>>> print(open('final.csv').read())   # CSV, C-alpha atoms
chain,number,residue,atom,x,y,z
Y,1,LYS,CA,-11.8,35.4,54.7
Y,2,SER,CA,-9.1,38.0,53.9
Y,3,ASN,CA,-8.2,38.5,50.2
Y,4,ILE,CA,-5.1,40.5,51.0
Y,5,TRP,CA,-2.1,39.5,48.8
Y,6,SER,CA,0.2,37.1,50.5
Y,7,VAL,CA,3.8,38.5,50.0
Y,8,SER,CA,6.7,36.6,51.4
Y,9,SER,CA,9.4,38.3,53.5
Y,10,ASP,CA,12.1,37.6,50.9
Y,11,VAL,CA,10.0,39.3,48.1
Y,12,VAL,CA,9.6,42.3,50.4
Y,13,GLU,CA,13.4,42.3,51.0
Y,14,THR,CA,13.9,42.2,47.2
Y,15,LEU,CA,11.6,45.2,46.7
Y,16,LEU,CA,13.6,47.1,49.4
Y,17,LYS,CA,16.8,46.2,47.5
Y,18,ALA,CA,15.2,47.6,44.3
Y,19,ARG,CA,14.4,50.9,46.0
Y,20,LYS,CA,18.0,51.2,47.3
Y,21,TYR,CA,19.2,50.5,43.7
Y,22,GLY,CA,17.1,53.5,42.5
Y,23,ILE,CA,14.3,51.5,40.8
Y,24,LYS,CA,10.9,53.2,41.0
Y,25,LEU,CA,8.1,50.9,42.0
Y,26,ALA,CA,4.4,51.2,41.1
Y,27,ILE,CA,1.4,48.9,41.9
Y,28,VAL,CA,-1.3,48.9,39.2
Y,29,THR,CA,-4.4,46.9,39.9
Y,30,SER,CA,-8.0,46.9,38.6
Y,31,GLY,CA,-9.2,46.4,42.2
Y,32,SER,CA,-9.8,49.0,44.9
Y,33,GLY,CA,-6.4,48.4,46.5
Y,34,LYS,CA,-7.8,46.8,49.7
Y,35,THR,CA,-6.0,43.7,48.8
Y,36,VAL,CA,-2.6,45.4,48.7
Y,37,PRO,CA,-0.8,44.9,52.1
Y,38,GLY,CA,0.6,47.9,54.0
Y,39,ASN,CA,4.3,47.0,53.6
Y,40,ILE,CA,3.9,46.8,49.8
Y,41,ARG,CA,2.0,50.1,49.7
Y,42,SER,CA,4.8,51.8,51.7
Y,43,LEU,CA,7.4,50.5,49.2
Y,44,SER,CA,5.6,51.9,46.2
Y,45,ASP,CA,6.4,55.3,44.7
Y,46,ILE,CA,2.8,55.4,43.4
Y,47,LEU,CA,-0.3,53.3,43.6
Y,48,ALA,CA,-2.9,53.0,40.8
Y,49,PHE,CA,-6.2,51.3,41.6
Y,50,GLU,CA,-9.5,50.7,39.9
Y,51,ASN,CA,-8.2,50.2,36.3
Y,52,GLY,CA,-6.2,53.4,36.3
Y,53,THR,CA,-8.9,55.8,37.6
Y,54,VAL,CA,-7.6,56.2,41.2
Y,55,PHE,CA,-4.1,57.1,42.2
Y,56,ILE,CA,-2.4,57.4,45.6
Y,57,TYR,CA,0.6,59.7,45.2
Y,58,ASN,CA,2.4,61.8,47.8
Y,59,GLY,CA,-0.3,61.1,50.3
Y,60,LYS,CA,-3.1,62.4,48.0
Y,61,CYS,CA,-5.9,60.5,46.3
Y,62,LEU,CA,-6.4,61.6,42.6
Y,63,MET,CA,-9.4,60.4,40.6
Y,64,TYR,CA,-9.9,60.4,36.9
Y,65,LYS,CA,-13.6,60.1,35.8
Y,66,PRO,CA,-15.9,62.0,33.5
Y,67,LYS,CA,-18.4,64.4,35.1
Y,68,GLU,CA,-21.4,62.2,34.3
Y,69,TRP,CA,-19.8,59.1,35.8
Y,70,ASN,CA,-21.5,59.3,39.3
Y,71,LYS,CA,-24.9,59.3,37.6
Y,72,ILE,CA,-23.9,56.3,35.4
Y,73,ARG,CA,-22.8,54.4,38.6
Y,74,GLU,CA,-26.1,55.0,40.2
Y,75,LEU,CA,-27.9,53.4,37.2
Y,76,PHE,CA,-25.9,50.2,37.8
Y,77,LEU,CA,-26.3,50.3,41.5
Y,78,ALA,CA,-30.1,50.7,41.2
Y,79,GLU,CA,-30.3,47.4,39.3
Y,80,ASN,CA,-31.2,44.2,41.1
Y,81,ILE,CA,-27.7,42.6,40.7
Y,82,ARG,CA,-25.3,42.6,43.6
Y,83,PRO,CA,-21.7,43.8,43.0
Y,84,LYS,CA,-18.7,42.0,44.5
Y,85,SER,CA,-17.3,45.4,45.4
Y,86,VAL,CA,-17.9,49.1,44.8
Y,87,GLY,CA,-14.8,51.3,44.5
Y,88,LYS,CA,-14.4,55.1,44.4
Y,89,VAL,CA,-14.9,54.9,40.6
Y,90,VAL,CA,-15.4,51.3,39.4
Y,91,ILE,CA,-17.9,48.7,40.2
Y,92,VAL,CA,-16.9,45.0,40.2
Y,93,TYR,CA,-19.4,42.2,39.4
Y,94,GLY,CA,-19.1,38.4,39.2
Y,95,ILE,CA,-18.6,37.0,35.7
Y,96,THR,CA,-22.1,35.4,35.8
Y,97,TYR,CA,-23.7,38.9,35.4
Y,98,SER,CA,-22.1,39.4,32.0
Y,99,GLU,CA,-25.3,39.3,30.0
Y,100,LYS,CA,-27.3,41.4,32.5
Y,101,ILE,CA,-24.6,44.1,32.5
Y,102,ARG,CA,-24.7,44.3,28.7
Y,103,GLU,CA,-28.5,44.7,28.9
Y,104,ILE,CA,-28.1,47.6,31.4
Y,105,ILE,CA,-25.6,49.3,29.1
Y,106,LEU,CA,-28.0,49.0,26.1
Y,107,LYS,CA,-31.1,50.0,28.1
Y,108,HIS,CA,-29.5,53.3,29.1
Y,109,GLY,CA,-27.5,53.9,26.0
Y,110,LEU,CA,-24.1,53.8,27.8
Y,111,GLN,CA,-22.0,52.2,25.0
Y,112,ASP,CA,-19.9,55.3,24.6
Y,113,TYR,CA,-19.4,55.8,28.4
Y,114,VAL,CA,-18.7,52.4,29.9
Y,115,ASP,CA,-16.0,49.8,29.5
Y,116,ILE,CA,-16.4,46.2,30.7
Y,117,ILE,CA,-13.0,44.8,31.6
Y,118,ARG,CA,-12.7,41.1,32.2
Y,119,ASN,CA,-10.3,40.0,34.9
Y,120,VAL,CA,-10.3,36.2,35.6
Y,121,ASN,CA,-13.8,35.6,37.1
Y,122,ARG,CA,-14.7,39.3,37.5
Y,123,LEU,CA,-16.1,42.1,35.4
Y,124,VAL,CA,-14.9,45.6,36.1
Y,125,ILE,CA,-17.3,48.4,35.1
Y,126,ALA,CA,-15.1,51.5,34.4
Y,127,PRO,CA,-15.3,54.7,32.5
Y,128,LYS,CA,-14.6,54.4,28.7
Y,129,ASN,CA,-10.9,54.5,27.8
Y,130,SER,CA,-9.6,53.8,31.2
Y,131,GLY,CA,-7.2,50.9,31.6
Y,132,LYS,CA,-3.8,49.8,33.0
Y,133,ASP,CA,-2.1,51.1,29.9
Y,134,LEU,CA,-3.4,54.6,30.5
Y,135,ALA,CA,-2.5,54.2,34.2
Y,136,LEU,CA,1.1,53.6,33.1
Y,137,LYS,CA,1.1,56.7,30.9
Y,138,ARG,CA,-0.2,58.8,33.9
Y,139,ILE,CA,2.4,57.2,36.2
Y,140,LYS,CA,5.2,58.1,33.9
Y,141,GLU,CA,4.0,61.7,33.8
Y,142,MET,CA,3.5,62.0,37.6
Y,143,LEU,CA,6.9,60.5,38.4
Y,144,ASN,CA,8.6,62.3,35.5
Y,145,ILE,CA,10.1,59.0,34.2
Y,146,LYS,CA,12.5,59.5,31.4
Y,147,GLY,CA,14.1,56.0,31.5
Y,148,LYS,CA,12.7,52.6,30.4
Y,149,VAL,CA,9.7,50.9,32.0
Y,150,LEU,CA,9.2,47.2,32.8
Y,151,ALA,CA,5.7,45.9,33.6
Y,152,LEU,CA,4.8,42.6,35.0
Y,153,GLY,CA,1.2,41.2,34.8
Y,154,ASP,CA,-0.7,37.9,34.7
Y,155,GLY,CA,-4.4,38.6,33.9
Y,156,GLU,CA,-6.4,39.5,30.7
Y,157,ASN,CA,-6.5,43.1,31.7
Y,158,ASP,CA,-2.6,43.2,31.8
Y,159,VAL,CA,-2.3,42.7,28.0
Y,160,ALA,CA,-2.5,46.5,27.3
Y,161,LEU,CA,-0.2,47.3,30.2
Y,162,LEU,CA,2.6,45.0,28.9
Y,163,ARG,CA,2.2,46.5,25.4
Y,164,GLU,CA,2.5,50.0,26.8
Y,165,ALA,CA,5.7,49.2,28.8
Y,166,ASP,CA,9.1,49.1,27.1
Y,167,ILE,CA,9.5,45.5,28.4
Y,168,GLY,CA,6.6,43.3,29.4
Y,169,VAL,CA,7.1,40.3,31.7
Y,170,ALA,CA,4.7,37.5,32.4
Y,171,PRO,CA,5.0,35.2,35.4
Y,172,ALA,CA,4.5,31.4,35.0
Y,173,ASN,CA,0.9,31.6,36.2
Y,174,ALA,CA,-0.1,34.3,33.6
Y,175,VAL,CA,-3.0,33.6,31.2
Y,176,GLU,CA,-1.9,32.7,27.6
Y,177,GLU,CA,-2.9,36.1,26.2
Y,178,VAL,CA,-0.4,37.8,28.5
Y,179,LYS,CA,2.4,35.3,27.7
Y,180,LYS,CA,1.9,35.9,24.0
Y,181,VAL,CA,2.5,39.7,24.3
Y,182,ALA,CA,5.3,39.4,26.9
Y,183,ASP,CA,8.9,40.0,26.0
Y,184,TYR,CA,10.0,37.6,28.7
Y,185,VAL,CA,8.1,34.8,30.5
Y,186,CYS,CA,9.3,33.7,33.9
Y,187,ASP,CA,9.5,30.0,34.8
Y,188,LYS,CA,8.4,31.1,38.3
Y,189,ALA,CA,5.0,32.4,39.5
Y,190,ASN,CA,3.8,35.5,41.3
Y,191,GLY,CA,6.3,36.9,43.9
Y,192,GLU,CA,9.0,34.5,42.9
Y,193,CYS,CA,8.9,36.0,39.4
Y,194,VAL,CA,9.1,39.5,40.9
Y,195,LYS,CA,12.2,38.5,42.8
Y,196,GLU,CA,13.8,37.0,39.6
Y,197,VAL,CA,13.1,40.1,37.6
Y,198,ILE,CA,14.5,42.6,40.2
Y,199,GLU,CA,17.6,40.4,40.8
Y,200,ASN,CA,18.3,40.2,37.1
Y,201,ILE,CA,17.8,44.0,36.7
Y,202,ILE,CA,20.3,44.7,39.5
Y,203,SER,CA,22.9,42.0,38.5
Y,204,HIS,CA,22.8,43.0,34.8
Y,205,ASN,CA,22.6,46.7,35.4
Y,206,GLY,CA,19.3,47.4,33.7
Y,207,ILE,CA,16.2,46.0,32.1
Y,208,PHE,CA,17.6,45.2,28.6
Y,209,TYR,CA,18.7,41.8,29.8
Y,210,PHE,CA,15.1,40.7,29.3
Y,211,LEU,CA,15.2,41.5,25.6
Y,212,ASN,CA,18.3,39.3,25.1
Y,213,VAL,CA,16.9,36.1,26.7
Y,214,LYS,CA,13.6,35.8,24.9
>>> encode(input="final.csv", output="structure tokens")
Amino acid sequence: KSNIWSVSSDVVETLLKARKYGIKLAIVTSGSGKTVPGNIRSLSDILAFENGTVFIYNGKCLMYKPKEWNKIRELFLAENIRPKSVGKVVIVYGITYSEKIREIILKHGLQDYVDIIRNVNRLVIAPKNSGKDLALKRIKEMLNIKGKVLALGDGENDVALLREADIGVAPANAVEEVKKVADYVCDKANGECVKEVIENIISHNGIFYFLNVK
């Protein structure tokens, strides 16, 4: 079964319109990026995967991880628990392994090196102090962004991202924690919310519209 995001053609059209309008687009995901379809990748100025530790920019793959991280990963992979996926940097486990993962961290004294990021029914094992908020800071530097940034997210690990952005938007399907920190909550879910946001930016000539309709 394929887990690739399903993106409708009208959402793709709206993203194309955003590019023509001069809006820079970035995809930020805690996953490995395998779920991001090719047409969405090609429309993005930059891609940030694995909780802000792996970036695809200008055809290059850039990784941010401490020098001891490969050894730390091996400690997890040597344990008798099967990950859902293994990325270039992060390891993703099912939520049922929560207690076991904490035991591994304590056993090897990794509290200062490892973050456990919960995302719906998954646990992402990542280097300490990584995250989507840090990913956004790096994206702003790489793209030399001087203007305002709007971020849209729906999962627990998007709370910090929305706080880091100038304006945070939550789709209708977002978890409550995200809706609480959002400046604007769409009444539509997923791609339909993306469409609504971009169309409002274009028709109102900027992102400040979302601060006035809270």
>>> closest_residue(input="final.csv", among="Y:Lys34, Y:Tyr93, Y:Ile40, Y:Val28", to="Glu13 in chain Y", atoms="all atoms listed in the file")
Y:Ile40
>>> closest_residue(input="final.csv", among="Y:Ile101, Y:Ala26, Y:Ala182, Y:Ala165", to="Leu150 in chain Y", atoms="all atoms listed in the file")
Y:Ala165
>>> residues_around(input="final.csv", residues="Lys24 in chain Y", least_positions_apart="3", cutoff="8 Å", atoms="only C-alpha atoms", output="MDAnalysis selection string")
chainID Y and resid 18:19 44:45
>>> write_last_selection(input="final.csv", atoms="C-alpha atoms", output="short mmCIF file (atom, residue, chain, number, x, y, z; two decimals), keeping the file's coordinate frame")
data_model
loop_
_atom_site.label_atom_id
_atom_site.label_comp_id
_atom_site.auth_asym_id
_atom_site.auth_seq_id
_atom_site.Cartn_x
_atom_site.Cartn_y
_atom_site.Cartn_z
CA ALA Y 18 15.20 47.60 44.30
CA ARG Y 19 14.40 50.90 46.00
CA SER Y 44 5.60 51.90 46.20
CA ASP Y 45 6.40 55.30 44.70
#
>>> atom_distance(input="final.csv", atom1="CA of Val169 in chain Y", atom2="CA of Tyr184 in chain Y")
5.0 Å
>>> closest_residue(input="final.csv", among="Y:Ile23, Y:Leu16, Y:Leu75, Y:Val7", to="Ile202 in chain Y", atoms="only C-alpha atoms")
Y:Ile23
>>> closest_residue(input="final.csv", among="Y:Arg138, Y:Arg73, Y:Lys195, Y:Arg163", to="Leu47 in chain Y", atoms="all atoms listed in the file")
Y:Arg138
>>> atom_distance(input="final.csv", atom1="CA of Lys137 in chain Y", atom2="CA of Gly52 in chain Y")
9.7 Å
>>> closest_residue(input="final.csv", among="Y:Val149, Y:Ile91, Y:Val114, Y:Cys186", to="Asn200 in chain Y", atoms="all atoms listed in the file")
Y:Cys186
>>> atom_distance(input="final.csv", atom1="CA of Lys17 in chain Y", atom2="CA of Trp5 in chain Y")
20.1 Å
